[in-house]
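S.K.: Just upload15.cif, nothing more (mmCIF, C-alpha atoms):
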data_target
loop_
_atom_site.group_PDB
_atom_site.id
_atom_site.type_symbol
_atom_site.label_atom_id
_atom_site.label_comp_id
_atom_site.auth_asym_id
_atom_site.auth_seq_id
_atom_site.Cartn_x
_atom_site.Cartn_y
_atom_site.Cartn_z
ATOM 1 C CA MET J 130 -33.543 65.729 -27.315
ATOM 2 C CA GLN J 131 -34.889 62.185 -27.548
ATOM 3 C CA THR J 132 -32.794 61.610 -30.655
ATOM 4 C CA ASN J 133 -29.659 62.796 -28.852
ATOM 5 C CA LYS J 134 -30.366 60.449 -25.930
ATOM 6 C CA ILE J 135 -30.873 57.494 -28.250
ATOM 7 C CA LEU J 136 -27.649 58.272 -30.088
ATOM 8 C CA SER J 137 -25.816 58.559 -26.779
ATOM 9 C CA LEU J 138 -27.157 55.180 -25.647
ATOM 10 C CA VAL J 139 -26.194 53.576 -28.949
ATOM 11 C CA GLY J 140 -22.715 55.095 -28.663
ATOM 12 C CA CYS J 141 -22.285 53.715 -25.131
ATOM 13 C CA PHE J 142 -23.462 50.289 -26.249
ATOM 14 C CA ILE J 143 -20.950 50.206 -29.120
ATOM 15 C CA PHE J 144 -18.179 51.363 -26.768
ATOM 16 C CA LEU J 145 -18.970 48.521 -24.324
ATOM 17 C CA LEU J 146 -18.933 45.989 -27.127
ATOM 18 C CA LEU J 147 -15.576 47.202 -28.356
ATOM 19 C CA THR J 148 -14.032 47.200 -24.878
ATOM 20 C CA ALA J 149 -15.597 43.996 -23.572
ATOM 21 C CA CYS J 150 -12.310 42.093 -23.610
ATOM 22 C CA SER J 151 -10.226 42.460 -20.491
ATOM 23 C CA PRO J 152 -6.481 43.236 -20.572
ATOM 24 C CA GLU J 153 -5.956 39.590 -19.565
ATOM 25 C CA ASP J 154 -7.740 38.469 -22.739
ATOM 26 C CA ASP J 155 -5.428 40.670 -24.804
ATOM 27 C CA ILE J 156 -2.338 39.203 -23.152
ATOM 28 C CA LYS J 157 -3.415 35.567 -23.121
ATOM 29 C CA ASN J 158 -5.121 35.402 -26.516
ATOM 30 C CA PRO J 159 -3.361 37.585 -29.051
ATOM 31 C CA ASN J 160 -4.623 37.368 -32.605
ATOM 32 C CA PHE J 161 -2.344 34.611 -33.902
ATOM 33 C CA SER J 162 -3.886 33.140 -37.028
ATOM 34 C CA PRO J 163 -3.850 30.374 -37.877
ATOM 35 C CA LEU J 164 -3.034 29.041 -34.418
ATOM 36 C CA ILE J 165 -1.437 25.573 -34.521
ATOM 37 C CA PHE J 166 -0.829 24.994 -30.810
ATOM 38 C CA SER J 167 -1.401 26.971 -27.631
ATOM 39 C CA GLU J 168 -1.159 26.494 -23.879
ATOM 40 C CA ASP J 169 -2.022 28.939 -21.083
ATOM 41 C CA PHE J 170 -2.074 26.387 -18.223
ATOM 42 C CA SER J 171 -5.561 27.552 -17.347
ATOM 43 C CA LYS J 172 -7.559 24.327 -17.804
ATOM 44 C CA GLY J 173 -8.384 22.955 -14.365
ATOM 45 C CA ALA J 174 -5.739 25.232 -12.823
ATOM 46 C CA VAL J 175 -5.286 24.742 -9.075
ATOM 47 C CA ASP J 176 -2.833 27.044 -7.342
ATOM 48 C CA ASP J 177 0.356 25.357 -6.089
ATOM 49 C CA ALA J 178 -0.681 21.919 -7.381
ATOM 50 C CA VAL J 179 1.579 19.595 -9.375
ATOM 51 C CA LEU J 180 0.910 20.409 -13.016
ATOM 52 C CA ASN J 181 -1.105 17.614 -14.593
ATOM 53 C CA LEU J 182 -2.307 18.441 -18.093
ATOM 54 C CA GLU J 183 -3.470 15.910 -20.642
ATOM 55 C CA ASN J 184 -0.648 14.745 -22.954
ATOM 56 C CA TRP J 185 1.957 16.886 -21.186
ATOM 57 C CA ASN J 186 4.893 15.131 -19.476
ATOM 58 C CA ASN J 187 5.970 16.567 -16.110
ATOM 59 C CA ILE J 188 9.157 14.740 -15.203
ATOM 60 C CA ALA J 189 11.515 14.995 -12.232
ATOM 61 C CA GLU J 190 14.660 13.687 -13.914
ATOM 62 C CA VAL J 191 16.810 14.349 -10.835
ATOM 63 C CA GLY J 192 15.387 14.896 -7.363
ATOM 64 C CA THR J 193 11.722 14.976 -6.405
ATOM 65 C CA VAL J 194 10.498 18.375 -7.593
ATOM 66 C CA GLN J 195 8.016 18.651 -10.465
ATOM 67 C CA TRP J 196 6.552 21.609 -12.279
ATOM 68 C CA LYS J 197 3.514 23.142 -10.579
ATOM 69 C CA THR J 198 0.588 25.309 -11.580
ATOM 70 C CA GLN J 199 0.586 28.713 -9.913
ATOM 71 C CA VAL J 200 -2.191 31.283 -10.076
ATOM 72 C CA PHE J 201 -1.540 34.960 -9.376
ATOM 73 C CA SER J 202 -4.152 37.697 -9.832
ATOM 74 C CA GLY J 203 -6.276 35.277 -11.830
ATOM 75 C CA ASN J 204 -3.423 34.357 -14.185
ATOM 76 C CA PRO J 205 -2.349 30.685 -14.173
ATOM 77 C CA TYR J 206 1.136 29.682 -15.316
ATOM 78 C CA ALA J 207 3.654 26.842 -14.957
ATOM 79 C CA GLU J 208 6.454 27.156 -12.403
ATOM 80 C CA PHE J 209 9.464 25.111 -11.378
ATOM 81 C CA SER J 210 11.040 25.911 -8.021
ATOM 82 C CA SER J 211 13.680 24.087 -5.979
ATOM 83 C CA PHE J 212 13.006 26.270 -2.946
ATOM 84 C CA LYS J 213 12.693 24.143 0.209
ATOM 85 C CA SER J 214 13.315 20.981 -1.801
ATOM 86 C CA PRO J 215 15.178 18.271 0.180
ATOM 87 C CA ASP J 216 17.323 17.531 -2.875
ATOM 88 C CA SER J 217 20.896 18.639 -3.490
ATOM 89 C CA GLU J 218 20.085 18.633 -7.218
ATOM 90 C CA ASN J 219 16.837 19.125 -9.095
ATOM 91 C CA VAL J 220 16.270 18.730 -12.814
ATOM 92 C CA GLY J 221 12.682 19.094 -13.992
ATOM 93 C CA TRP J 222 11.233 18.764 -17.466
ATOM 94 C CA LEU J 223 7.894 19.986 -18.792
ATOM 95 C CA ILE J 224 7.312 18.492 -22.241
ATOM 96 C CA SER J 225 4.526 19.450 -24.617
ATOM 97 C CA PRO J 226 2.201 17.060 -26.397
ATOM 98 C CA SER J 227 3.127 15.972 -29.895
ATOM 99 C CA ILE J 228 2.688 18.884 -32.305
ATOM 100 C CA ASN J 229 2.081 18.193 -36.007
ATOM 101 C CA MET J 230 4.234 20.394 -38.220
ATOM 102 C CA ASP J 231 2.812 19.127 -41.523
ATOM 103 C CA ALA J 232 -0.522 20.929 -41.272
ATOM 104 C CA ALA J 233 0.902 24.340 -42.193
ATOM 105 C CA THR J 234 4.061 26.142 -43.293
ATOM 106 C CA GLY J 235 6.026 29.050 -41.874
ATOM 107 C CA GLU J 236 5.502 27.998 -38.252
ATOM 108 C CA VAL J 237 6.713 30.238 -35.429
ATOM 109 C CA LEU J 238 7.004 29.521 -31.699
ATOM 110 C CA GLN J 239 6.472 32.180 -29.049
ATOM 111 C CA PHE J 240 6.118 31.959 -25.270
ATOM 112 C CA GLU J 241 6.676 34.027 -22.141
ATOM 113 C CA ALA J 242 9.003 33.283 -19.224
ATOM 114 C CA SER J 243 10.044 34.949 -15.980
ATOM 115 C CA GLN J 244 12.212 34.229 -12.960
ATOM 116 C CA SER J 245 12.178 34.829 -9.214
ATOM 117 C CA PHE J 246 15.118 34.696 -6.803
ATOM 118 C CA VAL J 247 17.531 33.320 -9.414
ATOM 119 C CA THR J 248 21.069 34.421 -8.552
ATOM 120 C CA SER J 249 23.287 31.995 -10.469
ATOM 121 C CA SER J 250 23.591 30.770 -14.045
ATOM 122 C CA GLY J 251 23.706 27.251 -12.593
ATOM 123 C CA ASN J 252 20.047 27.720 -11.719
ATOM 124 C CA SER J 253 19.015 27.620 -15.360
ATOM 125 C CA LEU J 254 16.062 27.449 -17.720
ATOM 126 C CA GLU J 255 16.519 25.772 -21.110
ATOM 127 C CA VAL J 256 14.038 25.392 -23.954
ATOM 128 C CA LEU J 257 14.565 22.399 -26.216
ATOM 129 C CA ILE J 258 12.963 20.691 -29.192
ATOM 130 C CA ALA J 259 12.958 17.041 -30.320
ATOM 131 C CA THR J 260 11.397 15.044 -33.125
ATOM 132 C CA ASP J 261 12.160 11.588 -31.737
ATOM 133 C CA TYR J 262 10.758 11.764 -28.205
ATOM 134 C CA ASN J 263 8.193 8.999 -27.600
ATOM 135 C CA GLY J 264 7.014 9.789 -24.102
ATOM 136 C CA THR J 265 9.535 7.568 -22.317
ATOM 137 C CA ASN J 266 12.972 8.057 -23.933
ATOM 138 C CA LEU J 267 13.764 11.321 -22.151
ATOM 139 C CA THR J 268 17.548 10.934 -21.996
ATOM 140 C CA THR J 269 18.042 9.271 -25.379
ATOM 141 C CA ALA J 270 15.873 11.588 -27.476
ATOM 142 C CA ASN J 271 17.802 14.107 -29.557
ATOM 143 C CA TRP J 272 16.963 17.344 -27.729
ATOM 144 C CA GLN J 273 18.200 20.485 -29.438
ATOM 145 C CA PRO J 274 18.375 23.870 -27.664
ATOM 146 C CA ILE J 275 16.131 26.661 -28.887
ATOM 147 C CA ASP J 276 17.611 30.148 -29.101
ATOM 148 C CA ALA J 277 15.124 32.346 -27.248
ATOM 149 C CA ASN J 278 15.007 35.468 -25.123
ATOM 150 C CA LEU J 279 15.005 33.999 -21.595
ATOM 151 C CA PRO J 280 15.078 35.642 -18.167
ATOM 152 C CA THR J 281 18.437 35.926 -16.399
ATOM 153 C CA ALA J 282 19.466 36.620 -12.833
ATOM 154 C CA SER J 283 19.299 40.348 -13.601
ATOM 155 C CA SER J 284 15.691 40.188 -14.859
ATOM 156 C CA ALA J 285 12.960 41.622 -12.658
ATOM 157 C CA TYR J 286 11.134 39.042 -10.564
ATOM 158 C CA PHE J 287 7.907 37.703 -12.103
ATOM 159 C CA GLU J 288 8.225 40.015 -15.102
ATOM 160 C CA PHE J 289 7.263 37.851 -18.058
ATOM 161 C CA LEU J 290 9.525 38.320 -21.063
ATOM 162 C CA LYS J 291 8.520 37.426 -24.587
ATOM 163 C CA SER J 292 10.739 34.769 -26.129
ATOM 164 C CA GLY J 293 10.743 36.443 -29.503
ATOM 165 C CA GLU J 294 9.452 34.714 -32.611
ATOM 166 C CA ILE J 295 11.329 31.445 -33.064
ATOM 167 C CA ASP J 296 11.359 30.015 -36.582
ATOM 168 C CA LEU J 297 10.216 26.370 -36.699
ATOM 169 C CA SER J 298 9.494 26.284 -40.431
ATOM 170 C CA ASN J 299 12.226 23.721 -41.164
ATOM 171 C CA TYR J 300 10.586 21.064 -38.996
ATOM 172 C CA THR J 301 8.305 18.369 -40.407
ATOM 173 C CA GLY J 302 6.434 15.532 -38.774
ATOM 174 C CA ASN J 303 5.802 15.722 -35.040
ATOM 175 C CA ILE J 304 7.799 17.823 -32.590
ATOM 176 C CA TYR J 305 7.945 18.212 -28.809
ATOM 177 C CA ILE J 306 8.849 21.409 -26.963
ATOM 178 C CA ALA J 307 10.503 21.000 -23.551
ATOM 179 C CA PHE J 308 11.178 23.427 -20.715
ATOM 180 C CA LYS J 309 14.019 22.175 -18.508
ATOM 181 C CA VAL J 310 15.116 23.734 -15.219
ATOM 182 C CA LYS J 311 18.149 22.908 -13.078
ATOM 183 C CA GLY J 312 18.328 23.876 -9.429
ATOM 184 C CA SER J 313 19.015 22.736 -5.873
ATOM 185 C CA GLY J 314 17.048 22.693 -2.666
ATOM 186 C CA THR J 315 20.080 22.588 -0.401
ATOM 187 C CA ASN J 316 22.178 25.241 -2.134
ATOM 188 C CA SER J 317 20.551 28.646 -1.582
ATOM 189 C CA SER J 318 22.275 30.078 -4.661
ATOM 190 C CA LEU J 319 20.447 27.550 -6.843
ATOM 191 C CA ASP J 320 16.942 27.479 -5.368
ATOM 192 C CA GLY J 321 15.290 30.132 -7.532
ATOM 193 C CA SER J 322 12.172 29.659 -9.655
ATOM 194 C CA TYR J 323 11.179 29.953 -13.300
ATOM 195 C CA GLN J 324 7.721 30.606 -14.716
ATOM 196 C CA VAL J 325 6.414 29.827 -18.226
ATOM 197 C CA ASP J 326 3.174 30.949 -19.850
ATOM 198 C CA SER J 327 1.367 31.794 -23.118
ATOM 199 C CA ILE J 328 2.940 29.185 -25.402
ATOM 200 C CA ARG J 329 1.928 29.627 -29.036
ATOM 201 C CA ILE J 330 2.859 28.014 -32.321
ATOM 202 C CA TYR J 331 1.346 29.808 -35.276
ATOM 203 C CA THR J 332 2.101 30.582 -38.884
ATOM 204 C CA LYS J 333 3.056 33.914 -40.401
ATOM 205 C CA ASN J 334 2.336 32.881 -43.981
#
Hey, can you dump this file as structure tokens for me?
M.R.:
Amino acid sequence: MQTNKILSLVGCFIFLLLTACSPEDDIKNPNFSPLIFSEDFSKGAVDDAVLNLENWNNIAEVGTVQWKTQVFSGNPYAEFSSFKSPDSENVGWLISPSINMDAATGEVLQFEASQSFVTSSGNSLEVLIATDYNGTNLTTANWQPIDANLPTASSAYFEFLKSGEIDLSNYTGNIYIAFKVKGSGTNSSLDGSYQVDSIRIYTKN
């Protein structure tokens, strides 16, 4: 009997060890190896505050709206929303730090994005990449669109979609990844929101 109890206790202990990670850990920290770059917007996250992360650029190109940090059910993410903005046009950029593409080969980008209350294609999310951005030359840098699976007006609200694995293996030197949203605070058909989370660059080699 004592032996059976000890075995049962050992079994329970092993089970707890194996299941110690929460579902959030599984979602936010998948086993990408080696991991070259990652961002979950969790460091110093304050709900509904203007997003201010080291080496990230949060730029209101047109209008006054900037990207914000939002936290829902313990999950922080980046969001851009024109809702209740005083501006007839909003264009907001969220640009990553410089990412070195010479440290590995076979690099892949993946992220998650969702939408809420988007009803028009004019209220858009774009993902772009540049090699010549220097932190100040936003409009003159050579931004190229990235082909990714992005939410549309028909997507469920706040349902994060995986971008798919985006091949970056042809890039060398330093790159910048940008998330650009267009909207309007005075046109109700263009005042929806976009959310971005779980950005990863990793190698599949």
S.K.: Check the smallest atom-to-atom distance from each of J:Ser171, J:Gln239, J:Ser298, J:Asn187 to Pro205 (chain J) using all atoms listed in the file, then report the winner.
M.R.: J:Ser171
S.K.: Taking the file as I've supplied it (selection: the PyMOL selection byres ((chain J and resi 246) around 12)), which residues are included? Please answer as a ChimeraX atom specification.
M.R.: /J:210-212,243-245,247-250,252-253,280-287,312,317-324
S.K.: I need the residue set behind the PyMOL selection byres ((chain J and resi 297) around 7) for this file; please write it as a list of chain:residue names.
M.R.: J:Glu236, J:Val237, J:Leu238, J:Ile295, J:Asp296, J:Ser298, J:Asn299, J:Tyr300
S.K.: Filtering to C-alpha atoms, could you give me those residues as a CSV table (one decimal), keeping the file's coordinate frame?
M.R.:
chain,number,residue,atom,x,y,z
J,236,GLU,CA,5.5,28.0,-38.3
J,237,VAL,CA,6.7,30.2,-35.4
J,238,LEU,CA,7.0,29.5,-31.7
J,295,ILE,CA,11.3,31.4,-33.1
J,296,ASP,CA,11.4,30.0,-36.6
J,298,SER,CA,9.5,26.3,-40.4
J,299,ASN,CA,12.2,23.7,-41.2
J,300,TYR,CA,10.6,21.1,-39.0
S.K.: Name every residue that the PyMOL selection byres ((chain J and resi 198) around 10) selects in this structure, writing the answer as number ranges by chain with chains first and numbers rising.
M.R.: J: 170-171, 173-182, 196-197, 199-200, 205-209, 324-325
S.K.: In Å to one decimal, how far is CA of Gly221 (chain J) from CA of Ile330 (chain J)?
M.R.: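 Separation of CA of Ile330 (chain J) and CA of Gly221 (chain J): 22.6 Å.
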S.K.: For region 262-277 of chain J, please output as a PyMOL selection string all residues within 12 Å (counting all atoms listed in the file; exclusion window: fewer than 6 positions along the same chain).
M.R.: chain J and resi 184-191+221-228+237-242+254-256+290-297+303-309
S.K.: Selected residues, C-alpha atoms, written as a PDB file, keeping the file's coordinate frame, please.
M.R.:
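Output saved as part-v9.pdb:
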ATOM      1  CA  ASN J 184      -0.648  14.745 -22.954  1.00  0.00           C
ATOM      2  CA  TRP J 185       1.957  16.886 -21.186  1.00  0.00           C
ATOM      3  CA  ASN J 186       4.893  15.131 -19.476  1.00  0.00           C
ATOM      4  CA  ASN J 187       5.970  16.567 -16.110  1.00  0.00           C
ATOM      5  CA  ILE J 188       9.157  14.740 -15.203  1.00  0.00           C
ATOM      6  CA  ALA J 189      11.515  14.995 -12.232  1.00  0.00           C
ATOM      7  CA  GLU J 190      14.660  13.687 -13.914  1.00  0.00           C
ATOM      8  CA  VAL J 191      16.810  14.349 -10.835  1.00  0.00           C
ATOM      9  CA  GLY J 221      12.682  19.094 -13.992  1.00  0.00           C
ATOM     10  CA  TRP J 222      11.233  18.764 -17.466  1.00  0.00           C
ATOM     11  CA  LEU J 223       7.894  19.986 -18.792  1.00  0.00           C
ATOM     12  CA  ILE J 224       7.312  18.492 -22.241  1.00  0.00           C
ATOM     13  CA  SER J 225       4.526  19.450 -24.617  1.00  0.00           C
ATOM     14  CA  PRO J 226       2.201  17.060 -26.397  1.00  0.00           C
ATOM     15  CA  SER J 227       3.127  15.972 -29.895  1.00  0.00           C
ATOM     16  CA  ILE J 228       2.688  18.884 -32.305  1.00  0.00           C
ATOM     17  CA  VAL J 237       6.713  30.238 -35.429  1.00  0.00           C
ATOM     18  CA  LEU J 238       7.004  29.521 -31.699  1.00  0.00           C
ATOM     19  CA  GLN J 239       6.472  32.180 -29.049  1.00  0.00           C
ATOM     20  CA  PHE J 240       6.118  31.959 -25.270  1.00  0.00           C
ATOM     21  CA  GLU J 241       6.676  34.027 -22.141  1.00  0.00           C
ATOM     22  CA  ALA J 242       9.003  33.283 -19.224  1.00  0.00           C
ATOM     23  CA  LEU J 254      16.062  27.449 -17.720  1.00  0.00           C
ATOM     24  CA  GLU J 255      16.519  25.772 -21.110  1.00  0.00           C
ATOM     25  CA  VAL J 256      14.038  25.392 -23.954  1.00  0.00           C
ATOM     26  CA  LEU J 290       9.525  38.320 -21.063  1.00  0.00           C
ATOM     27  CA  LYS J 291       8.520  37.426 -24.587  1.00  0.00           C
ATOM     28  CA  SER J 292      10.739  34.769 -26.129  1.00  0.00           C
ATOM     29  CA  GLY J 293      10.743  36.443 -29.503  1.00  0.00           C
ATOM     30  CA  GLU J 294       9.452  34.714 -32.611  1.00  0.00           C
ATOM     31  CA  ILE J 295      11.329  31.445 -33.064  1.00  0.00           C
ATOM     32  CA  ASP J 296      11.359  30.015 -36.582  1.00  0.00           C
ATOM     33  CA  LEU J 297      10.216  26.370 -36.699  1.00  0.00           C
ATOM     34  CA  ASN J 303       5.802  15.722 -35.040  1.00  0.00           C
ATOM     35  CA  ILE J 304       7.799  17.823 -32.590  1.00  0.00           C
ATOM     36  CA  TYR J 305       7.945  18.212 -28.809  1.00  0.00           C
ATOM     37  CA  ILE J 306       8.849  21.409 -26.963  1.00  0.00           C
ATOM     38  CA  ALA J 307      10.503  21.000 -23.551  1.00  0.00           C
ATOM     39  CA  PHE J 308      11.178  23.427 -20.715  1.00  0.00           C
ATOM     40  CA  LYS J 309      14.019  22.175 -18.508  1.00  0.00           C
TER      41      LYS J 309
END
S.K.: Can you work out the spacing between CA of Asn316 (chain J) and CA of Leu279 (chain J) in Å, to one decimal?
M.R.: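 Between CA of Asn316 (chain J) and CA of Leu279 (chain J) the gap is 22.5 Å.
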S.K.: Rounded to one decimal, what separation in Å do you get between CA of Thr332 (chain J) and CA of Pro163 (chain J)?
M.R.: 6.0 Å
S.K.: Using only C-alpha atoms, which residue out of J:Pro215, J:Gly203, J:Gly251, J:Gly192 lies closest to Thr315 (chain J)?
M.R.: J:Pro215
S.K.: Using only C-alpha atoms, which of the listed residues (J:Asn229, J:Lys333, J:Val310, J:Leu164) sits closest to Gln195 (chain J)?
M.R.: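 Selected residue with least distance to Gln195 (chain J): J:Val310.
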S.K.: Quick one: everything within 10 Å of Ala232 (chain J), counting only C-alpha atoms, minus sequence neighbours fewer than 6 positions away in the same chain. Send it as JSON, numbers by chain.
M.R.: {"J": [165, 301, 302]}
S.K.: Between J:Arg329, J:Phe289, J:Asn334, J:Asp169, which one has atoms that come closest to Asn204 (chain J), using only C-alpha atoms?
M.R.: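 Using only C-alpha atoms, the shortest distance to Asn204 (chain J) belongs to J:Asp169.
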S.K.: So, counting all atoms listed in the file, which residue among J:Lys172, J:Gly235, J:Asn278, J:Val194 is closest to Ser214 (chain J)?
M.R.: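 With all atoms listed in the file as the atom set, the closest residue is J:Val194.
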